[in-house]
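K.L.:
Got a structure here, written out as C-alpha cells. Questions coming.
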Amino acid sequence: MSQEVFELLSACVTNKKPEDTAITRKDGSPVGDFRKAWRTLCISVGLGRMRCLKCGSVAIEGKCTCGSLDLKYDGLLVHDLRRTSVRKRLGFAEKTIMGISGHKTAHVFRSYDIVDESDLAAVAAALDRKTEQQGLEETSQLRDNSVSSSAALKSDSAGNARIQ
C-alpha cells in the first residue's frame, strides 16, 4: 500500500483495540453498511446520485418526484478504485500490480485493464510528440549533413564541383 493509504488507515485504528472496528464514524460508532456509507459520501460530494428505476430521473432525499421509492445508485463504486489501480500501472509489471490489487489470475486481471478514450488520446499525444521530436532531430541532422557536404565541395578551374 502507498504511504498515504497507510497513514489514513493508521489514523483509523489509532487508540482502538484489536477487536474494534477499523472504519467508524466520528463518534466512534461502527459503520454498519459500508456500501450505504460510501453511497452517501459520494452523493454528498457529487460523485454519485440516486436514479429512479421507474422514470429515470434523479431522486432527492430517498424519493423520486414521481413517488417511486425504487431507486438505484449511479456513481463511483469502491470497486472502481481497484479498476483504476489496475489501469494506471505507472510502468510496473503486470505481476507486481496483480500482487497489489489481489488478482490471482492474469485472465481476471486483464478484464480490469480497460482502455478508454482518455488512454487512446494520451497514446496519440505521445506519438505526436515523438514524431515531432524525430522530425526535429532529422531536420537538424539534414542541416548538419548539408553544411558538412557543402564545406567538402570545391570547384575546380573548369567550374565543376568536386568533393574534397
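Labels used: A, B, ... for chains in the order of the C-alpha cells, numbers from 1 for residues in each chain, and numbers from 1 for ligands as shown.
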Could you produce a table of the residues of range 74-140 of chain A lying within 12 Å of range 43-59 of chain A, with the nearest pair of atoms per residue and their separation in Å rounded to one decimal, using only C-alpha atoms, ordered by chain and increasing residue number, as CSV?

P.N.:
residue,atom,partner,partner_atom,distance
A:Asp74,CA,A:Arg49,CA,5.4
A:Gly75,CA,A:Gly48,CA,3.8
A:Leu76,CA,A:Leu47,CA,5.9
A:Leu77,CA,A:Gly48,CA,8.9
A:Val78,CA,A:Leu47,CA,11.6
A:Asp80,CA,A:Leu47,CA,12.0

K.L.:
Give the helix (DSSP H, G or I) residues of range 8-119 of chain A, as DSSP finds them on the backbone, and put them as an MDAnalysis selection string.

P.N.:
chainID A and resid 8:13 34:44 78:87 94:101 106:112 117:119

K.L.:
By how many Å are CA of Ala93 in chain A and CA of Phe109 in chain A apart?

P.N.:
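Spanning CA of Ala93 in chain A to CA of Phe109 in chain A is a straight-line distance of 12.2 Å.
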
K.L.:
For the atom pair CA of Ile114 in chain A and CA of Val86 in chain A, what is the interatomic distance in Å to one decimal place?

P.N.:
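Distance reported for this atom pair: 8.7 Å.
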
K.L.:
Within range 5-160 of chain A, find each residue whose DSSP state, derived from the backbone, is strand (DSSP E), and express the selection as JSON, numbers by chain.

P.N.:
{"A": [48, 49, 50, 51, 52, 58, 59, 71, 72, 73, 74, 75, 153, 154, 155]}

K.L.:
Take CA of Glu19 in chain A and CA of Ser2 in chain A and report the distance between them in Å, one decimal.

P.N.:
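Pair CA of Glu19 in chain A / CA of Ser2 in chain A returns 24.7 Å.
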
K.L.:
For Asp119 in chain A, which residue out of A:Cys64, A:Thr84, A:Lys36, A:Ser29 is the nearest one, using only C-alpha atoms?

P.N.:
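Under the stated criterion, the closest residue is A:Thr84.
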
K.L.:
As a PyMOL selection string, please: the residues near Gly99 in chain A (cut-off 12 Å, only C-alpha atoms, same-chain neighbours under 4 positions excluded).

P.N.:
chain A and resi 1+85-86+92-95+103-106+109
